[in-house]
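What's in upload_24.csv: CSV, N, CA and C atoms and all ligand atoms
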```csv
chain,number,residue,atom,x,y,z
A,1,MET,N,11.1,8.4,-16.3
A,1,MET,CA,10.4,8.1,-15.0
A,1,MET,C,9.8,6.7,-15.1
A,2,PRO,N,10.2,5.8,-14.2
A,2,PRO,CA,9.6,4.5,-14.3
A,2,PRO,C,8.2,4.5,-13.9
A,3,LYS,N,7.4,3.7,-14.7
A,3,LYS,CA,6.0,3.6,-14.5
A,3,LYS,C,5.7,2.2,-14.0
A,4,TYR,N,4.9,2.1,-13.0
A,4,TYR,CA,4.6,0.8,-12.4
A,4,TYR,C,3.2,0.4,-12.4
A,5,ARG,N,2.9,-0.9,-12.6
A,5,ARG,CA,1.5,-1.4,-12.6
A,5,ARG,C,1.4,-2.5,-11.6
A,6,GLY,N,0.3,-2.5,-10.9
A,6,GLY,CA,0.1,-3.5,-9.9
A,6,GLY,C,-1.4,-4.0,-9.9
A,7,SER,N,-1.6,-5.1,-9.2
A,7,SER,CA,-3.0,-5.6,-9.1
A,7,SER,C,-3.1,-6.5,-7.9
A,8,CYS,N,-4.3,-6.8,-7.5
A,8,CYS,CA,-4.5,-7.8,-6.5
A,8,CYS,C,-4.4,-9.2,-7.2
A,9,HIS,N,-4.5,-10.3,-6.5
A,9,HIS,CA,-4.3,-11.6,-7.1
A,9,HIS,C,-5.3,-11.9,-8.2
A,10,CYS,N,-6.5,-11.6,-8.0
A,10,CYS,CA,-7.5,-11.9,-9.0
A,10,CYS,C,-7.7,-10.9,-10.1
A,11,GLY,N,-7.1,-9.7,-9.9
A,11,GLY,CA,-7.1,-8.7,-11.0
A,11,GLY,C,-8.3,-7.7,-10.9
A,12,ALA,N,-9.2,-7.9,-10.0
A,12,ALA,CA,-10.3,-7.0,-9.9
A,12,ALA,C,-9.9,-5.6,-9.4
A,13,VAL,N,-8.8,-5.5,-8.7
A,13,VAL,CA,-8.3,-4.2,-8.3
A,13,VAL,C,-6.9,-4.0,-9.0
A,14,LYS,N,-6.9,-2.9,-9.9
A,14,LYS,CA,-5.6,-2.6,-10.6
A,14,LYS,C,-5.2,-1.2,-10.3
A,15,PHE,N,-3.9,-1.0,-10.3
A,15,PHE,CA,-3.4,0.4,-10.1
A,15,PHE,C,-2.1,0.6,-10.8
A,16,SER,N,-1.8,1.9,-11.0
A,16,SER,CA,-0.5,2.3,-11.6
A,16,SER,C,-0.1,3.6,-11.1
A,17,PHE,N,1.2,3.8,-11.2
A,17,PHE,CA,1.8,5.1,-10.7
A,17,PHE,C,3.2,5.2,-11.3
A,18,SER,N,3.7,6.4,-11.3
A,18,SER,CA,5.1,6.7,-11.8
A,18,SER,C,6.0,7.1,-10.6
A,19,MET,N,7.2,6.8,-10.7
A,19,MET,CA,8.2,7.2,-9.6
A,19,MET,C,9.3,8.0,-10.3
A,20,ALA,N,9.9,8.9,-9.6
A,20,ALA,CA,11.1,9.6,-10.1
A,20,ALA,C,12.2,8.7,-10.4
A,21,GLU,N,12.4,7.7,-9.5
A,21,GLU,CA,13.5,6.7,-9.6
A,21,GLU,C,12.9,5.3,-9.5
A,22,GLU,N,13.7,4.3,-9.8
A,22,GLU,CA,13.4,2.9,-9.7
A,22,GLU,C,13.2,2.6,-8.2
A,23,ILE,N,12.3,1.7,-7.9
A,23,ILE,CA,12.0,1.3,-6.5
A,23,ILE,C,13.1,0.3,-6.1
A,24,THR,N,13.8,0.7,-5.0
A,24,THR,CA,14.9,-0.2,-4.5
A,24,THR,C,14.7,-0.5,-3.0
A,25,SER,N,13.7,0.2,-2.4
A,25,SER,CA,13.5,-0.1,-1.0
A,25,SER,C,12.0,0.1,-0.6
A,26,GLY,N,11.6,-0.3,0.5
A,26,GLY,CA,10.2,-0.2,0.9
A,26,GLY,C,10.1,0.0,2.5
A,27,LEU,N,8.9,0.0,2.9
A,27,LEU,CA,8.6,0.3,4.3
A,27,LEU,C,7.7,-0.8,4.9
A,28,SER,N,8.0,-1.3,6.0
A,28,SER,CA,7.0,-2.1,6.7
A,28,SER,C,6.6,-1.4,8.0
A,29,CYS,N,5.6,-1.9,8.7
A,29,CYS,CA,5.1,-1.2,9.9
A,29,CYS,C,4.8,-2.3,10.9
A,30,ASN,N,5.1,-2.1,12.1
A,30,ASN,CA,4.9,-3.1,13.2
A,30,ASN,C,3.7,-2.9,14.0
A,31,CYS,N,2.7,-2.1,13.5
A,31,CYS,CA,1.5,-1.9,14.3
A,31,CYS,C,0.7,-3.2,14.3
A,32,SER,N,-0.3,-3.2,15.1
A,32,SER,CA,-1.1,-4.5,15.3
A,32,SER,C,-1.7,-5.0,14.0
A,33,TYR,N,-2.0,-4.1,13.1
A,33,TYR,CA,-2.6,-4.5,11.8
A,33,TYR,C,-1.5,-4.9,10.8
A,34,CYS,N,-0.6,-4.0,10.6
A,34,CYS,CA,0.5,-4.3,9.6
A,34,CYS,C,1.3,-5.5,9.9
A,35,GLU,N,1.6,-5.7,11.2
A,35,GLU,CA,2.4,-6.9,11.5
A,35,GLU,C,1.7,-8.2,11.0
A,36,ARG,N,0.4,-8.2,11.1
A,36,ARG,CA,-0.4,-9.4,10.7
A,36,ARG,C,-0.3,-9.6,9.2
A,37,ARG,N,-0.3,-8.5,8.4
A,37,ARG,CA,-0.3,-8.7,7.0
A,37,ARG,C,1.1,-8.7,6.4
A,38,ALA,N,2.1,-8.2,7.2
A,38,ALA,CA,3.5,-8.3,6.8
A,38,ALA,C,3.9,-7.8,5.4
A,39,ALA,N,3.2,-6.8,5.0
A,39,ALA,CA,3.5,-6.3,3.6
A,39,ALA,C,4.7,-5.3,3.6
A,40,ILE,N,5.3,-5.2,2.5
A,40,ILE,CA,6.3,-4.2,2.3
A,40,ILE,C,5.7,-3.2,1.3
A,41,MET,N,5.8,-1.9,1.8
A,41,MET,CA,4.9,-0.9,1.2
A,41,MET,C,5.8,0.2,0.5
A,42,LEU,N,5.2,0.9,-0.4
A,42,LEU,CA,5.9,1.9,-1.2
A,42,LEU,C,6.3,3.1,-0.2
A,43,ASN,N,7.5,3.6,-0.4
A,43,ASN,CA,8.0,4.7,0.4
A,43,ASN,C,8.8,5.6,-0.5
A,44,PRO,N,8.5,6.9,-0.6
A,44,PRO,CA,7.5,7.6,0.0
A,44,PRO,C,6.1,7.4,-0.6
A,45,PRO,N,5.1,7.8,0.1
A,45,PRO,CA,3.7,7.6,-0.4
A,45,PRO,C,3.4,8.5,-1.6
A,46,LEU,N,2.3,8.1,-2.3
A,46,LEU,CA,1.9,8.9,-3.5
A,46,LEU,C,0.7,9.8,-3.1
A,47,ALA,N,0.7,11.0,-3.7
A,47,ALA,CA,-0.5,11.8,-3.6
A,47,ALA,C,-1.7,11.1,-4.3
A,48,ASP,N,-2.9,11.4,-3.8
A,48,ASP,CA,-4.1,10.8,-4.4
A,48,ASP,C,-4.1,10.8,-5.9
A,49,ALA,N,-3.8,11.9,-6.5
A,49,ALA,CA,-3.8,12.0,-8.0
A,49,ALA,C,-2.7,11.2,-8.7
A,50,GLU,N,-1.7,10.8,-7.9
A,50,GLU,CA,-0.6,10.1,-8.5
A,50,GLU,C,-0.9,8.6,-8.6
A,51,LEU,N,-1.9,8.1,-7.9
A,51,LEU,CA,-2.3,6.7,-7.9
A,51,LEU,C,-3.5,6.5,-8.8
A,52,GLU,N,-3.3,5.9,-9.9
A,52,GLU,CA,-4.4,5.6,-10.8
A,52,GLU,C,-5.0,4.3,-10.4
A,53,ARG,N,-6.3,4.2,-10.2
A,53,ARG,CA,-7.0,3.0,-9.8
A,53,ARG,C,-8.1,2.6,-10.7
A,54,THR,N,-8.1,1.3,-11.0
A,54,THR,CA,-9.2,0.7,-11.8
A,54,THR,C,-9.8,-0.4,-11.1
A,55,ILE,N,-11.1,-0.3,-10.7
A,55,ILE,CA,-11.7,-1.3,-9.8
A,55,ILE,C,-12.9,-1.9,-10.6
A,56,GLU,N,-13.0,-3.2,-10.6
A,56,GLU,CA,-14.1,-3.9,-11.2
A,56,GLU,C,-15.3,-3.9,-10.2
A,57,GLY,N,-16.4,-3.3,-10.5
A,57,GLY,CA,-17.6,-3.4,-9.7
A,57,GLY,C,-17.3,-2.8,-8.3
A,58,ASN,N,-17.7,-3.6,-7.3
A,58,ASN,CA,-17.6,-3.2,-5.9
A,58,ASN,C,-16.5,-4.0,-5.2
A,59,ALA,N,-15.4,-4.3,-6.0
A,59,ALA,CA,-14.4,-5.2,-5.5
A,59,ALA,C,-13.5,-4.6,-4.4
A,60,LEU,N,-13.6,-3.3,-4.2
A,60,LEU,CA,-12.7,-2.6,-3.3
A,60,LEU,C,-13.4,-2.4,-2.0
A,61,SER,N,-12.8,-2.9,-0.9
A,61,SER,CA,-13.4,-2.7,0.5
A,61,SER,C,-12.2,-2.0,1.3
A,62,SER,N,-12.6,-1.5,2.4
A,62,SER,CA,-11.6,-0.9,3.3
A,62,SER,C,-11.8,-1.3,4.8
A,63,TYR,N,-10.8,-1.2,5.5
A,63,TYR,CA,-10.8,-1.5,6.9
A,63,TYR,C,-10.2,-0.4,7.7
A,64,GLN,N,-10.8,0.0,8.8
A,64,GLN,CA,-10.2,1.1,9.7
A,64,GLN,C,-10.2,0.6,11.1
A,65,PHE,N,-9.3,1.1,11.9
A,65,PHE,CA,-9.3,0.7,13.3
A,65,PHE,C,-8.6,1.8,14.1
A,66,GLY,N,-8.6,1.7,15.4
A,66,GLY,CA,-7.8,2.7,16.2
A,66,GLY,C,-8.4,4.1,16.0
A,67,ASN,N,-7.5,5.0,15.6
A,67,ASN,CA,-8.0,6.4,15.4
A,67,ASN,C,-8.8,6.6,14.1
A,68,LYS,N,-8.9,5.5,13.3
A,68,LYS,CA,-9.7,5.5,12.1
A,68,LYS,C,-9.3,6.6,11.1
A,69,VAL,N,-8.0,6.9,11.1
A,69,VAL,CA,-7.5,7.9,10.1
A,69,VAL,C,-7.1,7.1,8.8
A,70,ALA,N,-6.3,6.1,9.0
A,70,ALA,CA,-5.8,5.3,7.8
A,70,ALA,C,-7.0,4.5,7.3
A,71,LYS,N,-7.0,4.3,5.9
A,71,LYS,CA,-8.0,3.4,5.3
A,71,LYS,C,-7.2,2.3,4.6
A,72,HIS,N,-7.3,1.1,5.1
A,72,HIS,CA,-6.6,0.0,4.5
A,72,HIS,C,-7.5,-0.7,3.5
A,73,TYR,N,-7.2,-0.5,2.2
A,73,TYR,CA,-8.0,-1.1,1.1
A,73,TYR,C,-7.6,-2.5,0.8
A,74,PHE,N,-8.6,-3.3,0.4
A,74,PHE,CA,-8.3,-4.7,0.0
A,74,PHE,C,-9.4,-5.1,-1.0
A,75,CYS,N,-9.0,-6.1,-1.8
A,75,CYS,CA,-10.0,-6.7,-2.8
A,75,CYS,C,-10.8,-7.7,-2.0
A,76,ASN,N,-12.1,-7.5,-2.1
A,76,ASN,CA,-13.1,-8.4,-1.4
A,76,ASN,C,-13.4,-9.6,-2.2
A,77,GLN,N,-12.7,-9.8,-3.4
A,77,GLN,CA,-12.9,-11.0,-4.1
A,77,GLN,C,-11.7,-12.0,-3.8
A,78,CYS,N,-10.5,-11.5,-3.7
A,78,CYS,CA,-9.4,-12.4,-3.4
A,78,CYS,C,-8.7,-12.1,-2.1
A,79,GLY,N,-9.1,-11.0,-1.5
A,79,GLY,CA,-8.6,-10.7,-0.1
A,79,GLY,C,-7.3,-10.0,0.0
A,80,ASN,N,-6.7,-9.7,-1.2
A,80,ASN,CA,-5.4,-9.1,-1.1
A,80,ASN,C,-5.5,-7.6,-0.7
A,81,TYR,N,-4.5,-7.2,0.2
A,81,TYR,CA,-4.3,-5.8,0.5
A,81,TYR,C,-3.6,-5.2,-0.7
A,82,THR,N,-4.1,-4.1,-1.3
A,82,THR,CA,-3.5,-3.5,-2.5
A,82,THR,C,-2.8,-2.1,-2.2
A,83,PHE,N,-3.5,-1.3,-1.4
A,83,PHE,CA,-2.9,0.0,-1.0
A,83,PHE,C,-3.7,0.5,0.1
A,84,HIS,N,-3.1,1.6,0.8
A,84,HIS,CA,-3.9,2.2,1.9
A,84,HIS,C,-3.6,3.7,1.9
A,85,GLU,N,-4.6,4.4,2.5
A,85,GLU,CA,-4.4,5.8,2.7
A,85,GLU,C,-3.8,6.0,4.1
A,86,THR,N,-2.7,6.7,4.1
A,86,THR,CA,-1.8,6.7,5.3
A,86,THR,C,-2.4,7.4,6.5
A,87,MET,N,-1.9,7.0,7.7
A,87,MET,CA,-2.3,7.7,8.9
A,87,MET,C,-1.5,9.0,9.1
A,88,ARG,N,-0.2,8.9,8.8
A,88,ARG,CA,0.6,10.1,9.0
A,88,ARG,C,0.4,11.2,8.0
A,89,LYS,N,-0.1,10.9,6.8
A,89,LYS,CA,-0.3,11.9,5.8
A,89,LYS,C,-1.6,11.6,5.1
A,90,PRO,N,-2.8,11.9,5.7
A,90,PRO,CA,-4.0,11.6,5.0
A,90,PRO,C,-4.1,12.2,3.6
A,91,GLY,N,-4.7,11.5,2.7
A,91,GLY,CA,-4.7,12.0,1.3
A,91,GLY,C,-3.6,11.4,0.5
A,92,TYR,N,-2.7,10.7,1.2
A,92,TYR,CA,-1.5,10.0,0.5
A,92,TYR,C,-1.7,8.5,0.6
A,93,PHE,N,-1.1,7.8,-0.3
A,93,PHE,CA,-1.3,6.4,-0.4
A,93,PHE,C,0.0,5.6,-0.5
A,94,ARG,N,0.1,4.5,0.2
A,94,ARG,CA,1.2,3.6,0.1
A,94,ARG,C,0.6,2.3,-0.6
A,95,VAL,N,1.3,1.8,-1.6
A,95,VAL,CA,0.9,0.6,-2.2
A,95,VAL,C,1.6,-0.6,-1.7
A,96,ASN,N,1.0,-1.8,-1.8
A,96,ASN,CA,1.6,-3.1,-1.4
A,96,ASN,C,2.6,-3.4,-2.6
A,97,LEU,N,3.9,-3.4,-2.3
A,97,LEU,CA,4.9,-3.7,-3.4
A,97,LEU,C,4.9,-5.1,-3.8
A,98,GLY,N,4.3,-6.0,-3.0
A,98,GLY,CA,4.1,-7.4,-3.4
A,98,GLY,C,3.1,-7.5,-4.6
A,99,CYS,N,2.3,-6.5,-4.8
A,99,CYS,CA,1.3,-6.5,-5.9
A,99,CYS,C,1.8,-5.9,-7.2
A,100,VAL,N,3.1,-5.3,-7.1
A,100,VAL,CA,3.5,-4.5,-8.3
A,100,VAL,C,4.4,-5.4,-9.2
A,101,ASP,N,4.0,-5.3,-10.5
A,101,ASP,CA,4.7,-6.1,-11.5
A,101,ASP,C,6.2,-5.7,-11.6
A,102,GLY,N,7.1,-6.6,-11.7
A,102,GLY,CA,8.5,-6.3,-12.0
A,102,GLY,C,9.2,-5.9,-10.7
A,103,VAL,N,8.6,-5.9,-9.6
A,103,VAL,CA,9.3,-5.6,-8.3
A,103,VAL,C,9.5,-6.9,-7.5
A,104,GLU,N,10.7,-7.2,-7.2
A,104,GLU,CA,11.0,-8.4,-6.4
A,104,GLU,C,10.9,-7.9,-4.9
A,105,SER,N,9.7,-8.0,-4.4
A,105,SER,CA,9.5,-7.3,-3.1
A,105,SER,C,10.4,-7.9,-2.0
A,106,PHE,N,10.7,-9.2,-2.1
A,106,PHE,CA,11.5,-9.8,-1.0
A,106,PHE,C,13.0,-9.4,-1.1
A,107,GLU,N,13.4,-8.8,-2.2
A,107,GLU,CA,14.8,-8.4,-2.4
A,107,GLU,C,15.0,-7.0,-2.0
A,108,LEU,N,14.0,-6.2,-1.7
A,108,LEU,CA,14.1,-4.8,-1.4
A,108,LEU,C,14.7,-4.5,0.0
A,109,ASP,N,15.5,-3.5,0.1
A,109,ASP,CA,15.8,-3.0,1.4
A,109,ASP,C,14.5,-2.6,2.1
A,110,ARG,N,14.5,-2.8,3.4
A,110,ARG,CA,13.3,-2.6,4.1
A,110,ARG,C,13.5,-1.8,5.4
A,111,LYS,N,12.8,-0.7,5.6
A,111,LYS,CA,12.8,0.0,6.8
A,111,LYS,C,11.5,-0.4,7.6
A,112,VAL,N,11.6,-0.4,8.9
A,112,VAL,CA,10.4,-0.7,9.7
A,112,VAL,C,10.0,0.5,10.4
A,113,PHE,N,8.8,0.9,10.2
A,113,PHE,CA,8.2,2.1,10.9
A,113,PHE,C,7.6,1.6,12.2
A,114,ASN,N,7.8,2.3,13.3
A,114,ASN,CA,7.4,1.9,14.6
A,114,ASN,C,5.9,2.3,14.9
A,115,GLY,N,5.0,1.7,14.1
A,115,GLY,CA,3.6,2.1,14.3
A,115,GLY,C,3.0,1.6,15.6
A,116,LYS,N,3.6,0.6,16.1
A,116,LYS,CA,3.2,0.0,17.4
A,116,LYS,C,3.1,1.1,18.5
A,117,GLU,N,4.0,2.1,18.4
A,117,GLU,CA,4.0,3.1,19.4
A,117,GLU,C,2.9,4.1,19.2
A,118,LEU,N,2.3,4.2,18.0
A,118,LEU,CA,1.3,5.2,17.7
A,118,LEU,C,-0.1,4.7,17.8
A,119,LEU,N,-0.3,3.3,17.7
A,119,LEU,CA,-1.7,2.8,17.6
A,119,LEU,C,-1.9,1.8,18.7
B,1,ZN,ZN,-8.8,-9.5,-6.1
```

Just dump the structure as structure tokens.
Amino acid sequence: MPKYRGSCHCGAVKFSFSMAEEITSGLSCNCSYCERRAAIMLNPPLADAELERTIEGNALSSYQFGNKVAKHYFCNQCGNYTFHETMRKPGYFRVNLGCVDGVESFELDRKVFNGKELL
């Protein structure tokens, strides 16, 4: 089972998770928020207990908008989006694959989720 580690740019927010298979694709979303950050995200999402998080002090902040179901977490020291709790499946998390060690995020196959229609 491949184990992955990731962090924000400054390292104040770190996370790790295991996947059944190697990551070869990801998901982007075209909603008003995701289009601006243009991230490629882990698909499928992880259950809360599957995402191990290590946060230095109060470095983790979150942003919510619209129906305020999803929680978009970011490091308030370097500003990077690291992971978010999903709108479609509350209690589940997608991570920013650009933050994950050993993943060439620009090389991954990418599906686009039509979040624009929902928010
Ligand atoms: Zn940071």

What's around Phe113 (chain A) at 5 Å? Count all atoms listed in the file, leave out sequence neighbours fewer than 5 positions away in its own chain, and write the answer as a JSON list (two decimals) with N, CA and C atoms, keeping the file's coordinate frame.
```
[["chain", "number", "residue", "atom", "x", "y", "z"],
["A", 28, "SER", "N", 8.00, -1.30, 6.00],
["A", 28, "SER", "CA", 7.00, -2.10, 6.70],
["A", 28, "SER", "C", 6.60, -1.40, 8.00],
["A", 29, "CYS", "N", 5.60, -1.90, 8.70],
["A", 29, "CYS", "CA", 5.10, -1.20, 9.90],
["A", 29, "CYS", "C", 4.80, -2.30, 10.90],
["A", 30, "ASN", "N", 5.10, -2.10, 12.10],
["A", 30, "ASN", "CA", 4.90, -3.10, 13.20],
["A", 30, "ASN", "C", 3.70, -2.90, 14.00]]
```

**Asked** Per DSSP on the backbone, what are the helix (DSSP H, G or I) residues of region 13-88 of chain A, as a PyMOL selection string?
**Response** chain A and resi 32-37+48-50

Enumerate, in order of chain and increasing residue number, the residues of region 37-114 of chain A with an atom no farther than 6.5 Å from region 16-23 of chain A, each with its shortest atom pair and distance in Å to one decimal, counting all atoms listed in the file, as CSV.
```
residue,atom,partner,partner_atom,distance
A:Glu50,C,A:Phe17,CA,4.9
A:Leu51,CA,A:Ser16,C,5.0
A:Glu52,C,A:Ser16,N,4.0
A:Arg53,N,A:Ser16,N,5.1
A:Thr54,N,A:Ser16,N,6.3
```

Residue selection dump (N, CA and C atoms) as a CSV table (one decimal), in the frame of the given file:
```
chain,number,residue,atom,x,y,z
A,50,GLU,N,-1.7,10.8,-7.9
A,50,GLU,CA,-0.6,10.1,-8.5
A,50,GLU,C,-0.9,8.6,-8.6
A,51,LEU,N,-1.9,8.1,-7.9
A,51,LEU,CA,-2.3,6.7,-7.9
A,51,LEU,C,-3.5,6.5,-8.8
A,52,GLU,N,-3.3,5.9,-9.9
A,52,GLU,CA,-4.4,5.6,-10.8
A,52,GLU,C,-5.0,4.3,-10.4
A,53,ARG,N,-6.3,4.2,-10.2
A,53,ARG,CA,-7.0,3.0,-9.8
A,53,ARG,C,-8.1,2.6,-10.7
A,54,THR,N,-8.1,1.3,-11.0
A,54,THR,CA,-9.2,0.7,-11.8
A,54,THR,C,-9.8,-0.4,-11.1
```

**Request:** Could the residues that lie within 6 Å of ligand ZN 1 (chain B), counting all atoms listed in the file, be listed as a list in words?
**Result:**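 Taking all atoms listed in the file into account, the residues around ligand ZN 1 (chain B) at most 6 Å away are Cys8, His9, Cys10, Gly11, Ala12, Val13, Cys75, Asn76, Gln77, Cys78, Gly79 and Asn80 of chain A.
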
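Here CA of Phe83 (chain A) is placed at a distance of 10.6 Å from atom C of Pro45 (chain A).
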
**Leu27 (chain A) environment, 8 Å, only C-alpha atoms, sequence neighbours closer than 3 positions dropped, as a PyMOL selection string** = chain A and resi 40-43+110-113

**Message:** DSSP on the backbone, strand (DSSP E or B) only: what residues of chain A does that give? Format it as JSON, numbers by chain.
**Reply:** {"A": [3, 4, 5, 6, 7, 13, 14, 15, 16, 17, 18, 25, 26, 27, 28, 29, 41, 46, 47, 52, 53, 54, 55, 60, 61, 62, 63, 71, 72, 73, 74, 75, 81, 82, 83, 84, 85, 92, 93, 94, 95, 96, 100, 109, 110, 111, 112, 113]}

**Request:** For CA of Asn96 (chain A) and atom N of Ala47 (chain A), quote the distance in Å rounded to one decimal.
**Result:** 14.3 Å

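In this model, the gap between atom C of Leu97 (chain A) and CA of Phe65 (chain A) comes to 23.0 Å.
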
**Message:** From the options A:Ala70, A:Leu118, A:Ala59, A:Leu108, which residue's atoms come nearest to Arg94 (chain A), counting only C-alpha atoms?
**Reply:** A:Ala70

**Request:** Using only N, CA and C atoms, find the one residue out of A:Arg37, A:Lys116, A:Lys71, A:Lys3 that sits nearest to Thr86 (chain A).
**Result:**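 Counting only N, CA and C atoms, the residue closest to Thr86 (chain A) is A:Lys71.
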
**Request:** Go through A:Phe15, A:Cys34, A:Gly26, A:Tyr4 one by one, measure the shortest atom-to-atom distance of each to Asp109 (chain A) using all atoms listed in the file, and give the residue with the smallest value.
**Result:**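 Answer, going by the shortest atom-to-atom distance: A:Gly26.
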
**Item:** Spatial neighbours of Phe74 (chain A), 7 Å, only C-alpha atoms, chain gap at least 4 places, as number ranges by chain
**Value:** A: 60-62, 79-82
